[in-house]
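Here is model-v4.txt, consisting of compact mmCIF, C-alpha atoms:
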```
# COMPACT_ATOMS: atom_id res chain seq x y z
CA MET A 749 -4.97 -14.21 16.35
CA PRO A 750 -8.76 -14.05 15.78
CA SER A 751 -10.14 -15.43 12.51
CA ILE A 752 -11.74 -13.25 9.85
CA ARG A 753 -15.22 -14.02 11.13
CA GLU A 754 -14.24 -12.81 14.60
CA PHE A 755 -12.30 -9.85 13.33
CA ARG A 756 -14.45 -8.06 10.75
CA ARG A 757 -13.11 -4.57 11.09
CA ALA A 758 -13.04 -2.70 7.82
CA SER A 759 -11.24 0.54 7.15
CA ALA A 760 -10.89 2.60 4.01
CA LEU A 761 -10.29 6.15 2.92
CA PRO A 762 -13.58 7.82 1.92
CA ALA A 763 -12.58 7.90 -1.75
CA ALA A 764 -11.57 4.24 -1.69
CA MET A 765 -14.83 3.27 0.03
CA ALA A 766 -16.78 4.94 -2.74
CA ALA A 767 -14.76 3.13 -5.37
CA LEU A 768 -15.34 -0.23 -3.72
CA THR A 769 -19.08 0.39 -3.47
CA GLY A 770 -19.22 0.96 -7.21
CA LEU A 771 -17.63 -2.37 -8.11
CA LEU A 772 -19.94 -4.89 -9.77
CA LEU A 773 -19.42 -8.03 -7.76
CA SER A 774 -21.09 -11.32 -8.60
CA GLY A 775 -20.63 -15.06 -8.08
CA CYS A 776 -19.23 -16.94 -5.11
CA GLY A 777 -15.69 -16.03 -6.07
CA ALA A 778 -16.11 -12.27 -6.43
CA GLY A 779 -14.58 -9.92 -3.87
CA GLN A 780 -16.91 -7.74 -1.85
CA ILE A 781 -16.72 -5.08 0.82
CA ALA A 782 -16.72 -6.22 4.44
CA GLU A 783 -20.01 -5.65 6.25
CA THR A 784 -18.59 -2.87 8.43
CA ALA A 785 -16.99 -0.92 5.58
CA ASP A 786 -19.20 2.10 6.30
CA LYS A 787 -17.55 2.65 9.69
CA VAL A 788 -15.02 5.43 10.15
CA PRO A 789 -11.54 3.91 9.81
CA SER A 790 -8.97 4.20 12.59
CA VAL A 791 -6.08 3.54 10.21
CA GLN A 792 -5.47 4.05 6.53
CA GLY A 793 -5.99 1.20 4.10
CA VAL A 794 -8.76 -0.76 2.38
CA ASN A 795 -10.36 -3.95 3.70
CA ALA A 796 -12.27 -6.41 1.50
CA GLU A 797 -13.29 -10.08 1.49
CA THR A 798 -14.89 -12.74 -0.68
CA ALA A 799 -18.65 -13.23 -0.56
CA ASP A 800 -18.44 -16.28 1.71
CA GLY A 801 -15.86 -14.73 4.05
CA GLU A 802 -13.29 -17.46 3.36
CA TYR A 803 -10.62 -15.03 2.19
CA ALA A 804 -9.90 -11.39 2.96
CA ILE A 805 -7.39 -8.58 2.67
CA ARG A 806 -6.76 -5.94 5.32
CA GLY A 807 -4.90 -2.63 5.27
CA LEU A 808 -4.33 -2.44 1.49
CA LEU A 809 -2.28 0.73 1.08
CA VAL A 810 0.44 2.23 -1.10
CA SER A 811 3.17 3.85 1.02
CA PHE A 812 3.38 7.65 1.21
CA PRO A 813 5.83 8.79 -1.48
CA GLY A 814 6.34 12.39 -0.41
CA LEU A 815 4.58 15.54 -1.58
CA ASP A 816 5.56 15.02 -5.22
CA GLY A 817 3.85 11.64 -5.40
CA TYR A 818 4.84 8.86 -7.77
CA ALA A 819 5.76 9.54 -11.39
CA ALA A 820 4.73 7.25 -14.22
CA GLY A 821 7.22 4.38 -14.39
CA ASP A 822 8.13 4.53 -10.68
CA ASP A 823 7.97 1.52 -8.37
CA ALA A 824 5.83 1.81 -5.22
CA VAL A 825 5.63 -0.13 -1.94
CA LEU A 826 2.29 -1.93 -1.46
CA ASN A 827 1.15 -2.96 2.03
CA VAL A 828 -1.45 -5.61 2.82
CA VAL A 829 -2.32 -8.49 5.16
CA VAL A 830 -3.88 -11.54 3.44
CA TYR A 831 -6.24 -13.80 5.43
CA ASN A 832 -7.24 -17.40 4.77
CA ASP A 833 -10.18 -18.54 6.89
CA SER A 834 -10.66 -21.80 5.01
CA GLU A 835 -9.61 -25.30 6.04
CA SER A 836 -6.99 -25.58 3.28
CA ALA A 837 -3.79 -23.76 2.40
CA VAL A 838 -4.10 -21.38 -0.53
CA THR A 839 -1.64 -19.78 -2.93
CA VAL A 840 -2.50 -16.16 -3.68
CA THR A 841 -1.31 -14.42 -6.85
CA VAL A 842 -1.23 -10.62 -6.79
CA THR A 843 -1.50 -8.48 -9.94
CA SER A 844 -2.35 -4.88 -10.77
CA GLN A 845 -3.94 -3.27 -13.79
CA ASP A 846 -2.09 -0.04 -12.96
CA ALA A 847 1.50 -1.39 -12.93
CA ARG A 848 3.68 -3.52 -15.16
CA ASP A 849 4.19 -6.15 -12.46
CA VAL A 850 3.82 -6.90 -8.75
CA VAL A 851 6.64 -8.57 -6.82
CA ILE A 852 7.53 -9.54 -3.26
CA THR A 853 10.60 -7.84 -1.83
CA ASP A 854 12.39 -7.57 1.51
CA ALA A 855 10.55 -5.16 3.78
CA ASP A 856 13.72 -3.49 5.04
CA ARG A 857 14.56 -2.49 1.47
CA ALA A 858 10.98 -1.37 0.85
CA ALA A 859 10.75 0.70 4.04
CA GLY A 860 13.73 2.81 3.08
CA THR A 861 12.61 3.45 -0.49
CA ALA A 862 8.90 4.15 -0.86
CA VAL A 863 9.67 5.46 -4.34
CA ALA A 864 12.12 3.61 -6.57
CA ARG A 865 13.19 4.68 -10.04
CA PRO A 866 13.36 1.51 -12.14
CA THR A 867 16.86 0.24 -12.96
CA SER A 868 18.25 -3.14 -13.94
CA SER A 869 19.15 -3.76 -10.26
CA ALA A 870 16.29 -1.93 -8.51
CA THR A 871 14.88 -5.08 -6.85
CA PRO A 872 17.51 -7.84 -7.01
CA THR A 873 15.83 -9.87 -4.27
CA ALA A 874 12.31 -9.51 -5.69
CA ARG A 875 10.27 -12.49 -6.85
CA PRO A 876 6.79 -12.93 -8.39
CA ALA A 877 3.95 -11.97 -6.07
CA ARG A 878 2.68 -15.45 -5.20
CA VAL A 879 2.34 -16.26 -1.53
CA GLN A 880 1.06 -19.35 0.29
CA VAL A 881 -1.27 -18.73 3.21
CA PRO A 882 -1.80 -21.62 5.68
CA PRO A 883 -5.36 -22.63 6.64
CA LEU A 884 -7.02 -20.43 9.28
CA ASP A 885 -4.05 -18.07 9.19
CA HIS A 886 -2.74 -14.91 7.57
CA VAL A 887 0.40 -13.52 5.91
CA GLN A 888 1.59 -9.98 6.54
CA LEU A 889 3.15 -8.24 3.54
CA ASN A 890 4.04 -4.71 4.57
CA THR A 891 6.84 -2.55 5.92
CA GLU A 892 6.18 -3.82 9.46
CA ALA A 893 6.93 -7.42 8.44
CA GLN A 894 9.88 -9.20 6.83
CA GLN A 895 8.43 -8.87 3.33
CA ALA A 896 6.31 -6.38 1.41
CA LEU A 897 4.80 -6.08 -2.05
CA ARG A 898 6.09 -3.70 -4.69
CA LEU A 899 4.24 -2.30 -7.70
CA VAL A 900 6.78 -2.28 -10.52
CA GLY A 901 6.51 0.35 -13.23
CA LEU A 902 3.37 2.39 -12.53
CA ASP A 903 1.36 3.12 -15.68
CA GLU A 904 0.51 6.66 -14.58
CA SER A 905 1.53 9.16 -11.93
CA LEU A 906 -0.07 8.76 -8.48
CA ARG A 907 -0.48 11.34 -5.74
CA PRO A 908 -1.56 10.88 -2.09
CA GLY A 909 -5.27 10.03 -1.96
CA GLN A 910 -5.37 8.46 -5.44
CA ASN A 911 -5.70 4.70 -6.01
CA ALA A 912 -3.99 1.83 -7.80
CA PHE A 913 -6.24 -1.19 -8.37
CA VAL A 914 -4.89 -4.55 -7.19
CA THR A 915 -6.28 -8.08 -7.74
CA PHE A 916 -5.74 -11.01 -5.36
CA ASP A 917 -6.43 -14.40 -6.97
CA PHE A 918 -7.00 -17.16 -4.40
CA GLY A 919 -7.68 -19.84 -7.03
CA ASN A 920 -10.89 -21.80 -7.74
CA GLY A 921 -12.60 -18.62 -8.96
CA TYR A 922 -12.05 -16.66 -5.75
CA THR A 923 -10.69 -13.17 -6.43
CA ILE A 924 -10.69 -9.80 -4.73
CA THR A 925 -10.07 -6.61 -6.70
CA ALA A 926 -9.79 -3.45 -4.64
CA PRO A 927 -8.35 0.07 -4.87
CA ALA A 928 -5.11 0.58 -2.96
CA PRO A 929 -5.05 4.25 -1.90
CA VAL A 930 -1.80 6.15 -1.76
CA ALA A 931 -1.24 7.03 1.90
CA VAL A 932 -1.51 10.59 3.12
CA PRO A 933 0.75 11.87 5.92
CA LEU A 934 -0.78 11.55 9.39
CA SER A 935 0.96 14.78 10.45
CA PRO A 936 1.88 17.92 8.49
CA VAL A 937 4.92 17.53 6.28
CA ALA A 938 7.69 19.99 7.18
CA PRO A 939 8.14 22.68 4.52
CA PRO A 940 11.43 22.73 2.64
CA THR A 941 14.21 24.99 3.93
CA ARG A 942 14.93 27.98 1.73
CA ILE A 943 18.50 29.05 1.10
CA ILE A 944 18.94 32.82 0.90
CA GLU A 945 22.19 33.98 -0.64
CA ARG A 946 23.78 37.09 0.84
CA GLU A 947 27.00 38.94 0.15
CA GLY A 948 29.83 37.09 1.87
CA GLY A 949 27.72 34.07 2.79
CA TYR A 950 24.31 32.46 2.80
CA GLU A 951 21.48 31.95 5.27
CA SER A 952 19.05 29.06 5.59
CA GLN A 953 15.50 30.02 6.49
CA SER A 954 12.43 27.92 7.22
CA GLU A 955 8.89 28.93 6.29
CA ASP A 956 8.34 30.55 9.70
CA GLY A 957 11.09 33.05 9.00
CA HIS A 958 13.68 31.69 11.41
CA GLY A 959 17.13 30.92 10.17
CA GLY A 960 20.83 31.23 10.77
CA GLU A 961 24.06 32.27 9.14
CA GLY A 962 25.88 29.75 6.99
CA GLY A 963 29.36 29.56 5.59
CA ALA A 964 30.91 31.75 2.98
CA ALA A 965 29.38 31.66 -0.48
CA ARG A 966 31.35 29.87 -3.14
```
Could you render the structure from this file as structure tokens?
Amino acid sequence: MPSIREFRRASALPAAMAALTGLLLSGCGAGQIAETADKVPSVQGVNAETADGEYAIRGLLVSFPGLDGYAAGDDAVLNVVVYNDSESAVTVTVTSQDARDVVITDADRAAGTAVARPTSSATPTARPARVQVPPLDHVQLNTEAQQALRLVGLDESLRPGQNAFVTFDFGNGYTITAPAPVAVPLSPVAPPTRIIEREGGYESQSEDGHGGEGGAAR
């Protein structure tokens, strides 16, 4: 796996790129946009790194929740890959100003439930979002890995294309704060099927007008 210095691809949604550009970043520990952030992204997600390039995040993205988006109070799956290009292991703490908490959860649970209504047992296997990254290595926290992050209790509703701000604290004054955009579908979402009631039965019909007879109405 190439190091951060060898692998400086940056991708972000146009809105997220604009938000990152507007951040006031100062000091050796402040997060900043990667040098190639103005390039057209091939995948969704935001990339950012510290000023000295020691630490970075790649593919920061909130999973697509469906056309209705996330309601205030919902939990949301957060995807990211965290890089450590320093000579020492680092423990990264993840927080968000737009959610009550951030936790690590099993990716197989997260993949099946992009949107979770909070309950007392919504995330029984979740734990605080603190992860150790070995030197010159990375940790993948997304639905393609064994673990993913989850935003717990969103402060406000979120729709595809909007952002939730997330902070990654690497310790010793090194932090990255970046907008995590809500994913948009890469292909058109199928329209809902309409149910048309008729005397003696019903008929399901898609938006293109095709349909078929159903069973008897009850």
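You can rank A:Pro929, A:Thr841, A:Asn832, A:Ala855 by their closest distance to Glu797 in chain A using all atoms listed in the file, and at the top of that list sits A:Asn832.
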Return the padded bounding box of range 818-827 of chain A as AutoDock Vina command-line options: axis-aligned, built from all atoms listed in the file, 8 Å added on each side, with centre and edge lengths in Å to one decimal.
```
--center_x 4.6 --center_y 3.3 --center_z -6.2 --size_x 23.0 --size_y 28.5 --size_z 32.4
```
* Residues within 10 Å of (-8.9, -6.4, -4.6), file coords, all atoms listed in the file, listed as a PyMOL selection string -> chain A and resi 768+778-781+794-798+804-805+808+842-844+913-917+923-928
* Using all atoms listed in the file, which residue out of A:Val828, A:Val900, A:Ile852, A:Val879 lies closest to Gly807 in chain A? ->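 Comparing A:Val828, A:Val900, A:Ile852, A:Val879 against Gly807 in chain A, the winner is A:Val828.
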* **Val851 in chain A environment, 7 Å, all atoms listed in the file, sequence neighbours closer than 2 positions dropped, as a ChimeraX atom specification** => /A:849,853,874-877,897-899
Keeping C-alpha atoms for every residue in the selection just given, could you write it to a file as a PDB file, keeping the file's coordinate frame?
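That gives us result.pdb:
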```pdb
ATOM      1  CA  ASP A 849       4.190  -6.150 -12.460  1.00  0.00           C
ATOM      2  CA  THR A 853      10.600  -7.840  -1.830  1.00  0.00           C
ATOM      3  CA  ALA A 874      12.310  -9.510  -5.690  1.00  0.00           C
ATOM      4  CA  ARG A 875      10.270 -12.490  -6.850  1.00  0.00           C
ATOM      5  CA  PRO A 876       6.790 -12.930  -8.390  1.00  0.00           C
ATOM      6  CA  ALA A 877       3.950 -11.970  -6.070  1.00  0.00           C
ATOM      7  CA  LEU A 897       4.800  -6.080  -2.050  1.00  0.00           C
ATOM      8  CA  ARG A 898       6.090  -3.700  -4.690  1.00  0.00           C
ATOM      9  CA  LEU A 899       4.240  -2.300  -7.700  1.00  0.00           C
TER      10      LEU A 899
END
```
* Enter the distance from CA of Val887 in chain A to CA of Ala799 in chain A, in Å, rounded to one decimal. =>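 One can read the CA of Val887 in chain A to CA of Ala799 in chain A distance as 20.1 Å.
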